[in-house]
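*Asks:* I'm passing along start.cif; it holds mmCIF, C-alpha atoms.
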```cif
data_work
#
loop_
_atom_site.group_PDB
_atom_site.id
_atom_site.type_symbol
_atom_site.label_atom_id
_atom_site.label_comp_id
_atom_site.auth_asym_id
_atom_site.auth_seq_id
_atom_site.Cartn_x
_atom_site.Cartn_y
_atom_site.Cartn_z
ATOM 1 C CA MET A 8 -4.146 -12.927 14.977
ATOM 2 C CA ALA A 9 -3.552 -9.238 14.432
ATOM 3 C CA PHE A 10 -7.004 -8.670 12.916
ATOM 4 C CA LEU A 11 -9.064 -10.032 15.819
ATOM 5 C CA GLN A 12 -10.315 -6.650 16.984
ATOM 6 C CA SER A 13 -13.254 -4.385 16.247
ATOM 7 C CA CYS A 14 -13.237 -0.885 14.811
ATOM 8 C CA SER A 15 -15.967 1.771 14.908
ATOM 9 C CA PHE A 16 -16.133 5.174 13.268
ATOM 10 C CA GLY A 17 -18.646 7.915 12.605
ATOM 11 C CA HIS A 18 -20.497 7.188 9.386
ATOM 12 C CA PRO A 19 -18.471 8.464 6.396
ATOM 13 C CA TYR A 20 -21.515 9.950 4.640
ATOM 14 C CA ARG A 21 -22.949 11.838 7.640
ATOM 15 C CA SER A 22 -21.207 15.106 6.744
ATOM 16 C CA GLN A 23 -22.297 14.783 3.097
ATOM 17 C CA VAL A 24 -25.991 14.783 4.083
ATOM 18 C CA THR A 25 -25.517 17.939 6.163
ATOM 19 C CA LEU A 26 -23.729 19.717 3.304
ATOM 20 C CA LEU A 27 -26.426 18.777 0.799
ATOM 21 C CA PHE A 28 -29.164 20.390 2.886
ATOM 22 C CA ARG A 29 -27.040 23.424 3.704
ATOM 23 C CA HIS A 30 -26.036 24.282 0.127
ATOM 24 C CA LYS A 31 -28.758 22.813 -2.106
ATOM 25 C CA GLY A 32 -31.960 22.623 -0.119
ATOM 26 C CA ILE A 33 -34.315 19.667 -0.040
ATOM 27 C CA ARG A 34 -35.871 20.255 -3.481
ATOM 28 C CA HIS A 35 -32.529 20.016 -5.253
ATOM 29 C CA CYS A 36 -30.993 17.075 -3.441
ATOM 30 C CA ARG A 37 -33.589 14.292 -3.518
ATOM 31 C CA SER A 38 -31.694 12.197 -6.067
ATOM 32 C CA ASN A 39 -28.377 12.726 -4.288
ATOM 33 C CA LEU A 40 -29.920 11.831 -0.939
ATOM 34 C CA PHE A 41 -31.344 8.631 -2.409
ATOM 35 C CA GLY A 42 -27.869 7.593 -3.568
ATOM 36 C CA LEU A 43 -26.376 8.439 -0.197
ATOM 37 C CA PHE A 44 -29.119 6.496 1.575
ATOM 38 C CA LEU A 45 -28.362 3.404 -0.487
ATOM 39 C CA ARG A 46 -24.679 3.639 0.373
ATOM 40 C CA MET A 47 -25.402 4.256 4.079
ATOM 41 C CA THR A 48 -27.652 1.203 4.321
ATOM 42 C CA THR A 49 -25.434 -1.125 2.282
ATOM 43 C CA ASN A 50 -22.332 -2.320 4.092
ATOM 44 C CA SER A 51 -20.595 -3.552 0.971
ATOM 45 C CA PRO A 52 -16.877 -4.334 1.116
ATOM 46 C CA ALA A 53 -14.491 -1.855 -0.497
ATOM 47 C CA ASN A 54 -12.874 -2.829 -3.773
ATOM 48 C CA LEU A 55 -9.134 -2.995 -3.117
ATOM 49 C CA LEU A 56 -6.393 -3.321 -5.743
ATOM 50 C CA VAL A 57 -3.044 -4.760 -4.620
ATOM 51 C CA THR A 58 -0.264 -4.147 -7.137
ATOM 52 C CA GLY A 59 2.760 -6.402 -7.008
ATOM 53 C CA ALA A 60 0.386 -9.091 -5.780
ATOM 54 C CA SER A 61 2.605 -11.987 -6.839
ATOM 55 C CA GLY A 62 5.501 -10.737 -4.705
ATOM 56 C CA ARG A 63 6.250 -12.130 -1.276
ATOM 57 C CA THR A 64 4.670 -9.219 0.607
ATOM 58 C CA GLY A 65 1.980 -8.496 -1.975
ATOM 59 C CA SER A 66 0.714 -12.085 -1.977
ATOM 60 C CA LEU A 67 0.432 -12.008 1.818
ATOM 61 C CA ALA A 68 -1.515 -8.743 1.713
ATOM 62 C CA LEU A 69 -3.920 -10.055 -0.935
ATOM 63 C CA LYS A 70 -4.522 -13.324 0.948
ATOM 64 C CA LYS A 71 -5.093 -11.492 4.251
ATOM 65 C CA ALA A 72 -7.541 -9.093 2.582
ATOM 66 C CA ALA A 73 -9.455 -12.095 1.229
ATOM 67 C CA THR A 74 -9.974 -13.375 4.794
ATOM 68 C CA LEU A 75 -11.885 -10.153 5.544
ATOM 69 C CA PRO A 76 -14.723 -10.277 2.978
ATOM 70 C CA GLN A 77 -16.875 -7.962 5.101
ATOM 71 C CA LEU A 78 -14.254 -5.208 4.668
ATOM 72 C CA PHE A 79 -12.456 -5.834 1.382
ATOM 73 C CA SER A 80 -13.215 -7.156 -2.062
ATOM 74 C CA PRO A 81 -9.591 -7.608 -3.173
ATOM 75 C CA ARG A 82 -8.104 -7.978 -6.615
ATOM 76 C CA GLY A 83 -4.476 -8.285 -7.672
ATOM 77 C CA LEU A 84 -2.294 -6.817 -10.401
ATOM 78 C CA ALA A 85 0.674 -8.980 -11.379
ATOM 79 C CA ARG A 86 2.951 -9.615 -14.335
ATOM 80 C CA SER A 87 3.099 -13.412 -14.401
ATOM 81 C CA LYS A 88 0.084 -15.734 -14.737
ATOM 82 C CA GLU A 89 2.361 -18.709 -14.133
ATOM 83 C CA LYS A 90 3.635 -17.304 -10.846
ATOM 84 C CA THR A 91 0.194 -16.382 -9.532
ATOM 85 C CA SER A 92 -1.211 -19.824 -10.421
ATOM 86 C CA LYS A 93 1.301 -21.337 -8.002
ATOM 87 C CA LEU A 94 0.377 -18.927 -5.207
ATOM 88 C CA PHE A 95 -3.406 -18.546 -5.560
ATOM 89 C CA ASP A 96 -6.445 -20.635 -6.379
ATOM 90 C CA ASN A 97 -9.155 -19.655 -8.853
ATOM 91 C CA ASN A 98 -11.148 -17.719 -6.243
ATOM 92 C CA TYR A 99 -8.910 -14.657 -6.629
ATOM 93 C CA THR A 100 -9.447 -11.905 -9.198
ATOM 94 C CA PHE A 101 -6.323 -10.925 -11.124
ATOM 95 C CA PHE A 102 -5.289 -8.476 -13.829
ATOM 96 C CA PHE A 103 -2.060 -9.231 -15.654
ATOM 97 C CA GLY A 104 0.423 -6.758 -17.041
ATOM 98 C CA SER A 105 2.796 -4.008 -16.053
ATOM 99 C CA ILE A 106 1.814 -1.153 -13.769
ATOM 100 C CA LEU A 107 3.308 1.050 -16.494
ATOM 101 C CA ASP A 108 0.554 -0.062 -18.903
ATOM 102 C CA GLU A 109 -2.147 2.586 -18.540
ATOM 103 C CA LYS A 110 -4.837 0.439 -20.173
ATOM 104 C CA ILE A 111 -4.272 -2.482 -17.781
ATOM 105 C CA LEU A 112 -4.075 -0.094 -14.831
ATOM 106 C CA ARG A 113 -7.397 1.516 -15.722
ATOM 107 C CA GLU A 114 -9.060 -1.889 -16.020
ATOM 108 C CA ALA A 115 -7.633 -3.036 -12.679
ATOM 109 C CA LEU A 116 -8.663 0.188 -10.917
ATOM 110 C CA ASP A 117 -12.177 0.272 -12.355
ATOM 111 C CA ASN A 118 -14.659 0.825 -9.496
ATOM 112 C CA CYS A 119 -11.844 0.487 -6.945
ATOM 113 C CA LYS A 120 -11.948 2.505 -3.736
ATOM 114 C CA LYS A 121 -8.559 1.591 -2.327
ATOM 115 C CA LEU A 122 -5.095 1.039 -3.787
ATOM 116 C CA LEU A 123 -2.150 -0.708 -2.114
ATOM 117 C CA ILE A 124 1.062 -0.199 -4.096
ATOM 118 C CA LEU A 125 3.606 -2.970 -3.574
ATOM 119 C CA THR A 126 5.338 -2.837 -6.939
ATOM 120 C CA SER A 127 8.967 -1.894 -7.363
ATOM 121 C CA ALA A 128 11.717 -1.749 -9.959
ATOM 122 C CA VAL A 129 13.310 -5.200 -9.922
ATOM 123 C CA PRO A 130 17.080 -5.447 -10.518
ATOM 124 C CA ILE A 131 18.378 -8.471 -12.450
ATOM 125 C CA MET A 132 21.807 -9.984 -11.780
ATOM 126 C CA ARG A 133 24.145 -10.202 -14.780
ATOM 127 C CA LEU A 134 25.445 -13.692 -15.479
ATOM 128 C CA ASN A 135 28.542 -15.051 -17.146
ATOM 129 C CA PRO A 136 28.136 -17.187 -20.310
ATOM 130 C CA ASP A 137 28.260 -20.295 -18.113
ATOM 131 C CA GLY A 138 25.310 -19.063 -16.019
ATOM 132 C CA THR A 139 27.302 -18.078 -12.933
ATOM 133 C CA PRO A 140 26.959 -14.574 -11.419
ATOM 134 C CA LYS A 141 29.561 -12.016 -12.391
ATOM 135 C CA GLN A 142 32.088 -11.109 -9.715
ATOM 136 C CA PRO A 143 31.787 -8.567 -8.287
ATOM 137 C CA PRO A 144 27.994 -8.773 -8.753
ATOM 138 C CA GLU A 145 26.458 -6.575 -11.459
ATOM 139 C CA PHE A 146 22.803 -5.693 -11.852
ATOM 140 C CA PHE A 147 20.604 -4.187 -14.548
ATOM 141 C CA PHE A 148 16.912 -3.404 -15.150
ATOM 142 C CA LYS A 149 14.752 -4.425 -18.082
ATOM 143 C CA GLN A 150 14.357 -1.642 -20.623
ATOM 144 C CA GLY A 151 11.430 0.566 -19.664
ATOM 145 C CA GLU A 152 11.352 -0.813 -16.098
ATOM 146 C CA GLU A 153 14.215 1.217 -14.651
ATOM 147 C CA PRO A 154 13.556 3.023 -11.319
ATOM 148 C CA GLU A 155 13.198 6.347 -13.148
ATOM 149 C CA GLN A 156 10.432 4.839 -15.297
ATOM 150 C CA VAL A 157 8.618 3.009 -12.497
ATOM 151 C CA PHE A 158 8.744 5.771 -9.895
ATOM 152 C CA SER A 159 8.814 8.948 -12.004
ATOM 153 C CA SER A 160 6.206 11.597 -11.283
ATOM 154 C CA GLU A 161 4.541 11.009 -14.650
ATOM 155 C CA ARG A 162 4.004 7.315 -13.909
ATOM 156 C CA LYS A 163 2.722 7.983 -10.419
ATOM 157 C CA LYS A 164 0.549 10.797 -11.757
ATOM 158 C CA LYS A 165 -1.255 8.339 -14.033
ATOM 159 C CA GLN A 166 -1.986 6.016 -11.127
ATOM 160 C CA ILE A 167 -3.177 8.869 -8.938
ATOM 161 C CA GLU A 168 -5.259 10.557 -11.641
ATOM 162 C CA ILE A 169 -6.976 7.248 -12.417
ATOM 163 C CA THR A 170 -7.622 6.666 -8.719
ATOM 164 C CA LYS A 171 -9.136 10.152 -8.387
ATOM 165 C CA HIS A 172 -12.121 8.918 -10.368
ATOM 166 C CA CYS A 173 -12.874 6.424 -7.609
ATOM 167 C CA GLU A 174 -15.705 7.109 -5.203
ATOM 168 C CA GLU A 175 -13.363 7.065 -2.207
ATOM 169 C CA GLU A 176 -9.675 7.541 -2.998
ATOM 170 C CA ASN A 177 -7.240 5.995 -0.543
ATOM 171 C CA ILE A 178 -3.676 5.057 -1.516
ATOM 172 C CA LYS A 179 -1.074 3.177 0.506
ATOM 173 C CA ILE A 180 2.554 2.726 -0.535
ATOM 174 C CA ILE A 181 5.055 0.254 0.898
ATOM 175 C CA SER A 182 8.454 1.853 0.364
ATOM 176 C CA ASN A 183 11.942 1.618 1.959
ATOM 177 C CA LYS A 184 13.130 2.695 5.403
ATOM 178 C CA THR A 185 16.336 4.230 3.959
ATOM 179 C CA VAL A 186 14.562 6.314 1.333
ATOM 180 C CA THR A 187 15.967 9.632 2.651
ATOM 181 C CA GLN A 188 19.614 8.510 2.442
ATOM 182 C CA LYS A 189 21.025 9.737 -0.851
ATOM 183 C CA ASP A 190 24.349 7.943 -0.329
ATOM 184 C CA HIS A 191 22.788 4.572 0.466
ATOM 185 C CA PRO A 192 24.262 1.669 -1.574
ATOM 186 C CA LEU A 193 20.807 0.910 -3.028
ATOM 187 C CA ASN A 194 21.020 4.167 -4.982
ATOM 188 C CA ARG A 195 23.805 2.573 -7.010
ATOM 189 C CA LEU A 196 21.000 0.583 -8.625
ATOM 190 C CA GLY A 197 19.562 3.317 -10.814
ATOM 191 C CA ASN A 198 19.014 5.746 -7.902
ATOM 192 C CA ILE A 199 16.088 3.580 -6.838
ATOM 193 C CA LEU A 200 15.658 5.216 -3.413
ATOM 194 C CA MET A 201 15.833 8.717 -4.887
ATOM 195 C CA TRP A 202 13.058 7.933 -7.369
ATOM 196 C CA LYS A 203 10.943 6.266 -4.679
ATOM 197 C CA LYS A 204 11.240 9.438 -2.580
ATOM 198 C CA LYS A 205 10.186 11.576 -5.540
ATOM 199 C CA SER A 206 7.084 9.440 -6.079
ATOM 200 C CA GLU A 207 6.213 9.703 -2.376
ATOM 201 C CA ASP A 208 6.577 13.497 -2.478
ATOM 202 C CA TYR A 209 4.288 13.648 -5.498
ATOM 203 C CA LEU A 210 1.597 11.586 -3.795
ATOM 204 C CA MET A 211 1.753 13.741 -0.657
ATOM 205 C CA SER A 212 1.229 16.863 -2.776
ATOM 206 C CA CYS A 213 -1.978 15.592 -4.443
ATOM 207 C CA GLY A 214 -4.426 15.866 -1.552
ATOM 208 C CA ILE A 215 -5.570 12.237 -1.767
ATOM 209 C CA PRO A 216 -5.681 10.347 1.563
ATOM 210 C CA PHE A 217 -2.470 8.348 1.772
ATOM 211 C CA THR A 218 -0.298 6.304 4.093
ATOM 212 C CA ILE A 219 3.362 5.705 3.258
ATOM 213 C CA ILE A 220 5.004 2.859 5.163
ATOM 214 C CA HIS A 221 8.798 2.505 5.309
ATOM 215 C CA PRO A 222 9.510 -0.979 6.699
ATOM 216 C CA GLY A 223 12.916 -2.123 7.848
ATOM 217 C CA GLY A 224 14.627 -5.132 6.326
ATOM 218 C CA LEU A 225 11.938 -7.613 5.310
ATOM 219 C CA VAL A 226 12.124 -11.160 6.676
ATOM 220 C CA ASP A 227 9.909 -14.051 5.629
ATOM 221 C CA LYS A 228 9.402 -15.703 9.000
ATOM 222 C CA ALA A 229 6.898 -14.051 11.326
ATOM 223 C CA GLU A 230 8.189 -14.544 14.865
ATOM 224 C CA SER A 231 5.778 -14.578 17.804
ATOM 225 C CA ARG A 232 5.624 -11.897 20.487
ATOM 226 C CA ARG A 233 6.954 -8.957 18.496
ATOM 227 C CA SER A 234 6.147 -5.309 19.151
ATOM 228 C CA LEU A 235 6.201 -2.596 16.503
ATOM 229 C CA VAL A 236 8.677 0.299 16.757
ATOM 230 C CA ILE A 237 7.806 3.525 14.911
ATOM 231 C CA GLY A 238 10.295 6.033 13.536
ATOM 232 C CA HIS A 239 10.503 8.926 11.098
ATOM 233 C CA ASN A 240 13.016 10.154 8.519
ATOM 234 C CA ASP A 241 15.327 7.173 9.035
ATOM 235 C CA ASN A 242 15.948 7.764 12.738
ATOM 236 C CA LEU A 243 15.803 3.974 13.199
ATOM 237 C CA VAL A 244 18.801 3.325 10.931
ATOM 238 C CA ASN A 245 21.167 2.858 13.862
ATOM 239 C CA SER A 246 18.599 1.073 16.017
ATOM 240 C CA THR A 247 19.323 -2.361 17.462
ATOM 241 C CA HIS A 248 16.193 -3.617 15.721
ATOM 242 C CA ARG A 249 16.247 -3.188 11.953
ATOM 243 C CA THR A 250 13.922 -5.837 10.517
ATOM 244 C CA ILE A 251 10.230 -6.623 10.290
ATOM 245 C CA SER A 252 8.342 -9.604 8.898
ATOM 246 C CA ARG A 253 6.433 -9.378 5.635
ATOM 247 C CA GLU A 254 3.324 -10.568 7.470
ATOM 248 C CA GLU A 255 3.545 -7.647 9.907
ATOM 249 C CA VAL A 256 3.916 -5.206 7.001
ATOM 250 C CA ALA A 257 0.853 -6.696 5.291
ATOM 251 C CA ASP A 258 -1.110 -6.330 8.549
ATOM 252 C CA ILE A 259 -0.078 -2.684 8.947
ATOM 253 C CA ALA A 260 -0.991 -1.879 5.341
ATOM 254 C CA LEU A 261 -4.479 -3.391 5.544
ATOM 255 C CA GLN A 262 -5.203 -1.937 8.979
ATOM 256 C CA SER A 263 -4.204 1.508 7.690
ATOM 257 C CA PHE A 264 -7.296 1.415 5.433
ATOM 258 C CA LEU A 265 -9.522 0.967 8.497
ATOM 259 C CA HIS A 266 -8.286 3.784 10.743
ATOM 260 C CA GLU A 267 -8.710 7.506 10.194
ATOM 261 C CA ASP A 268 -5.542 8.194 12.209
ATOM 262 C CA ALA A 269 -3.494 6.458 9.500
ATOM 263 C CA LYS A 270 -4.374 9.021 6.830
ATOM 264 C CA TYR A 271 -1.860 11.612 5.600
ATOM 265 C CA LYS A 272 1.028 9.958 7.412
ATOM 266 C CA SER A 273 4.458 8.671 6.455
ATOM 267 C CA PHE A 274 6.461 6.621 8.925
ATOM 268 C CA ASP A 275 9.212 4.023 9.401
ATOM 269 C CA VAL A 276 8.543 0.778 11.244
ATOM 270 C CA VAL A 277 10.534 -2.213 12.514
ATOM 271 C CA SER A 278 9.698 -4.904 15.053
ATOM 272 C CA ALA A 279 11.339 -5.909 18.323
ATOM 273 C CA PRO A 280 10.857 -8.735 20.839
ATOM 274 C CA CYS A 281 8.019 -8.051 23.270
ATOM 275 C CA LYS A 282 8.848 -7.453 26.882
ATOM 276 C CA LYS A 283 8.057 -10.319 29.231
ATOM 277 C CA ASP A 284 4.703 -8.973 30.443
ATOM 278 C CA GLU A 285 3.772 -7.019 27.277
ATOM 279 C CA GLN A 286 0.487 -7.870 25.577
ATOM 280 C CA VAL A 287 0.761 -9.485 22.150
ATOM 281 C CA VAL A 288 -2.609 -8.210 20.824
ATOM 282 C CA ARG A 289 -2.059 -4.881 19.074
ATOM 283 C CA ASP A 290 -4.133 -1.775 19.619
ATOM 284 C CA TRP A 291 -4.182 -0.542 16.012
ATOM 285 C CA LYS A 292 -6.025 2.676 16.784
ATOM 286 C CA ASN A 293 -3.357 3.610 19.316
ATOM 287 C CA PHE A 294 -0.616 2.514 16.894
ATOM 288 C CA PHE A 295 -1.736 4.849 14.104
ATOM 289 C CA SER A 296 -2.544 7.736 16.433
ATOM 290 C CA ASN A 297 1.104 7.662 17.528
ATOM 291 C CA THR A 298 2.679 7.471 14.068
#
```
How does the structure come out when it is put into structure tokens?

*Replies:*
Amino acid sequence: MAFLQSCSFGHPYRSQVTLLFRHKGIRHCRSNLFGLFLRMTTNSPANLLVTGASGRTGSLALKKAATLPQLFSPRGLARSKEKTSKLFDNNYTFFFGSILDEKILREALDNCKKLLILTSAVPIMRLNPDGTPKQPPEFFFKQGEEPEQVFSSERKKKQIEITKHCEEENIKIISNKTVTQKDHPLNRLGNILMWKKKSEDYLMSCGIPFTIIHPGGLVDKAESRRSLVIGHNDNLVNSTHRTISREEVADIALQSFLHEDAKYKSFDVVSAPCKKDEQVVRDWKNFFSNT
């Protein structure tokens, strides 16, 4: 299992104590110190919101987070109650609605420290009157859920501004490996890659700790003995290895919350067969330090 490893860091509130004494003095910081002391002595799991939690990758990420109750207290945001009831039992916390609904988003993000964005604009295939797909295939988006609406700066700004009220902001986005290619065929679907890139650029300009992951082609089956290959700015497009399993992407996303070296980074990733004598257990600290 990818998560069978330990992680240790300097305490996140250590620098805050030093700054309180330096700038306020002991008389003015007793109440603040008491709050910091409570947080330092309480190892409570971080509230984590997974959007797109009923999707194939989102459901994996939410289920994996739930197996780590000492680290995460996960909740999901999804559109369909019917779909989630088939994927999850009643032990999971869910909010239902569109990520474009500010009221639902605020409720889902209440008291959340971490946000994993796995939502996307979903194209729908046009059908003939008899129910067969049109030839050549044609696609459309529901009104109000076009890529420009889902990934526009204003929509992302709402998510980010809401998250800024959290005690510890930390946002991760799962995007596309080909996001820098303006002429990619996917941009024929409402310029979806272009709008994803714009939303990524906006997040990177906000100063909030982020990690943006561009996986290769997503496959459902997680093969054994796979190593991760890192790239940047689509330099893996012509690589022999172009895919990665959804399970590996979910692992990377959750591990990125646990490692300081993952912050403020954007990278591409695919997987490849391990060499004969290569170790299967991943060194996540080394992985993120080299992204």

*Asks:* So, counting only C-alpha atoms, which residue among A:Lys203, A:Ala53, A:Asp227, A:Gly214 is closest to Leu67 in chain A?

*Replies:*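 Checking each of A:Lys203, A:Ala53, A:Asp227, A:Gly214 against Leu67 in chain A, counting only C-alpha atoms, the winner is A:Asp227.
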
*Asks:* Given the PyMOL selection byres ((chain A and resi 98) around 12) and the file above, list the residues it selects as a ChimeraX atom specification.

*Replies:* /A:69-70,73-74,80-83,91-92,94-97,99-101

*Asks:* Contacts of Ala85 in chain A at 9 Å or less, counting only C-alpha atoms, minus same-chain residues fewer than 6 places along, as a ChimeraX atom specification?

*Replies:* /A:57-62,91,101-106,126

*Asks:* With C-alpha atoms kept, could you save the residues just selected as an mmCIF file, keeping the file's coordinate frame?

*Replies:*
```
data_model
loop_
_atom_site.group_PDB
_atom_site.id
_atom_site.type_symbol
_atom_site.label_atom_id
_atom_site.label_comp_id
_atom_site.auth_asym_id
_atom_site.auth_seq_id
_atom_site.Cartn_x
_atom_site.Cartn_y
_atom_site.Cartn_z
ATOM 1 C CA VAL A 57 -3.044 -4.760 -4.620
ATOM 2 C CA THR A 58 -0.264 -4.147 -7.137
ATOM 3 C CA GLY A 59 2.760 -6.402 -7.008
ATOM 4 C CA ALA A 60 0.386 -9.091 -5.780
ATOM 5 C CA SER A 61 2.605 -11.987 -6.839
ATOM 6 C CA GLY A 62 5.501 -10.737 -4.705
ATOM 7 C CA THR A 91 0.194 -16.382 -9.532
ATOM 8 C CA PHE A 101 -6.323 -10.925 -11.124
ATOM 9 C CA PHE A 102 -5.289 -8.476 -13.829
ATOM 10 C CA PHE A 103 -2.060 -9.231 -15.654
ATOM 11 C CA GLY A 104 0.423 -6.758 -17.041
ATOM 12 C CA SER A 105 2.796 -4.008 -16.053
ATOM 13 C CA ILE A 106 1.814 -1.153 -13.769
ATOM 14 C CA THR A 126 5.338 -2.837 -6.939
#
```

*Asks:* Can you list, as a PyMOL selection string, the residues that the PyMOL selection byres ((chain A and resi 291-297) around 7) selects here?

*Replies:* chain A and resi 266+268-269+289-290+298

*Asks:* For the atom pair CA of Lys205 in chain A and CA of Ala260 in chain A, what is the interatomic distance in Å to one decimal place?

*Replies:* 20.6 Å

*Asks:* Need to verify the contact set: His248 in chain A, 10 Å, all atoms listed in the file, exclusion of same-chain residues closer than 2 positions in sequence. Can you return it as a list in words?

*Replies:*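 Final neighbour list, sorted by chain and number: Gly223, Gly224, Val236, Leu243, Val244, Asn245, Ser246, Thr250, Ile251, Val276, Val277, Ser278, Ala279 and Pro280 of chain A.
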
*Asks:* Please report the interatomic distance between CA of Phe274 in chain A and CA of Ser182 in chain A in Å with one decimal.

*Replies:* 10.0 Å

*Asks:* Considering only C-alpha atoms, can you say which of A:Thr64, A:Leu134, A:Lys110, A:Tyr209 comes closest to Pro222 in chain A?

*Replies:*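 Closest to Pro222 in chain A, using only C-alpha atoms: A:Thr64.
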
*Asks:* Report, in Å with one decimal, the straight-line distance from CA of Arg233 in chain A to CA of Gln77 in chain A.

*Replies:*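 One can read the CA of Arg233 in chain A to CA of Gln77 in chain A distance as 27.4 Å.
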
*Asks:* Would you kindly translate the PyMOL selection byres ((chain A and resi 179) around 9) into the concrete residues it picks from this file, as a PDB file with C-alpha atoms, in the frame of the given file?

*Replies:*
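Output saved as expr_25.pdb:
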```pdb
ATOM      1  CA  LYS A 121      -8.559   1.591  -2.327  1.00  0.00           C
ATOM      2  CA  LEU A 122      -5.095   1.039  -3.787  1.00  0.00           C
ATOM      3  CA  LEU A 123      -2.150  -0.708  -2.114  1.00  0.00           C
ATOM      4  CA  ILE A 124       1.062  -0.199  -4.096  1.00  0.00           C
ATOM      5  CA  LEU A 125       3.606  -2.970  -3.574  1.00  0.00           C
ATOM      6  CA  ASN A 177      -7.240   5.995  -0.543  1.00  0.00           C
ATOM      7  CA  ILE A 178      -3.676   5.057  -1.516  1.00  0.00           C
ATOM      8  CA  ILE A 180       2.554   2.726  -0.535  1.00  0.00           C
ATOM      9  CA  ILE A 181       5.055   0.254   0.898  1.00  0.00           C
ATOM     10  CA  PRO A 216      -5.681  10.347   1.563  1.00  0.00           C
ATOM     11  CA  PHE A 217      -2.470   8.348   1.772  1.00  0.00           C
ATOM     12  CA  THR A 218      -0.298   6.304   4.093  1.00  0.00           C
ATOM     13  CA  ILE A 219       3.362   5.705   3.258  1.00  0.00           C
ATOM     14  CA  ILE A 220       5.004   2.859   5.163  1.00  0.00           C
ATOM     15  CA  ALA A 260      -0.991  -1.879   5.341  1.00  0.00           C
ATOM     16  CA  LEU A 261      -4.479  -3.391   5.544  1.00  0.00           C
ATOM     17  CA  SER A 263      -4.204   1.508   7.690  1.00  0.00           C
ATOM     18  CA  PHE A 264      -7.296   1.415   5.433  1.00  0.00           C
TER      19      PHE A 264
END
```

*Asks:* With all atoms listed in the file as the basis for distance, which of A:Leu116, A:Leu78, A:Leu235, A:Leu55 is at the shortest distance from Lys282 in chain A?

*Replies:* A:Leu235
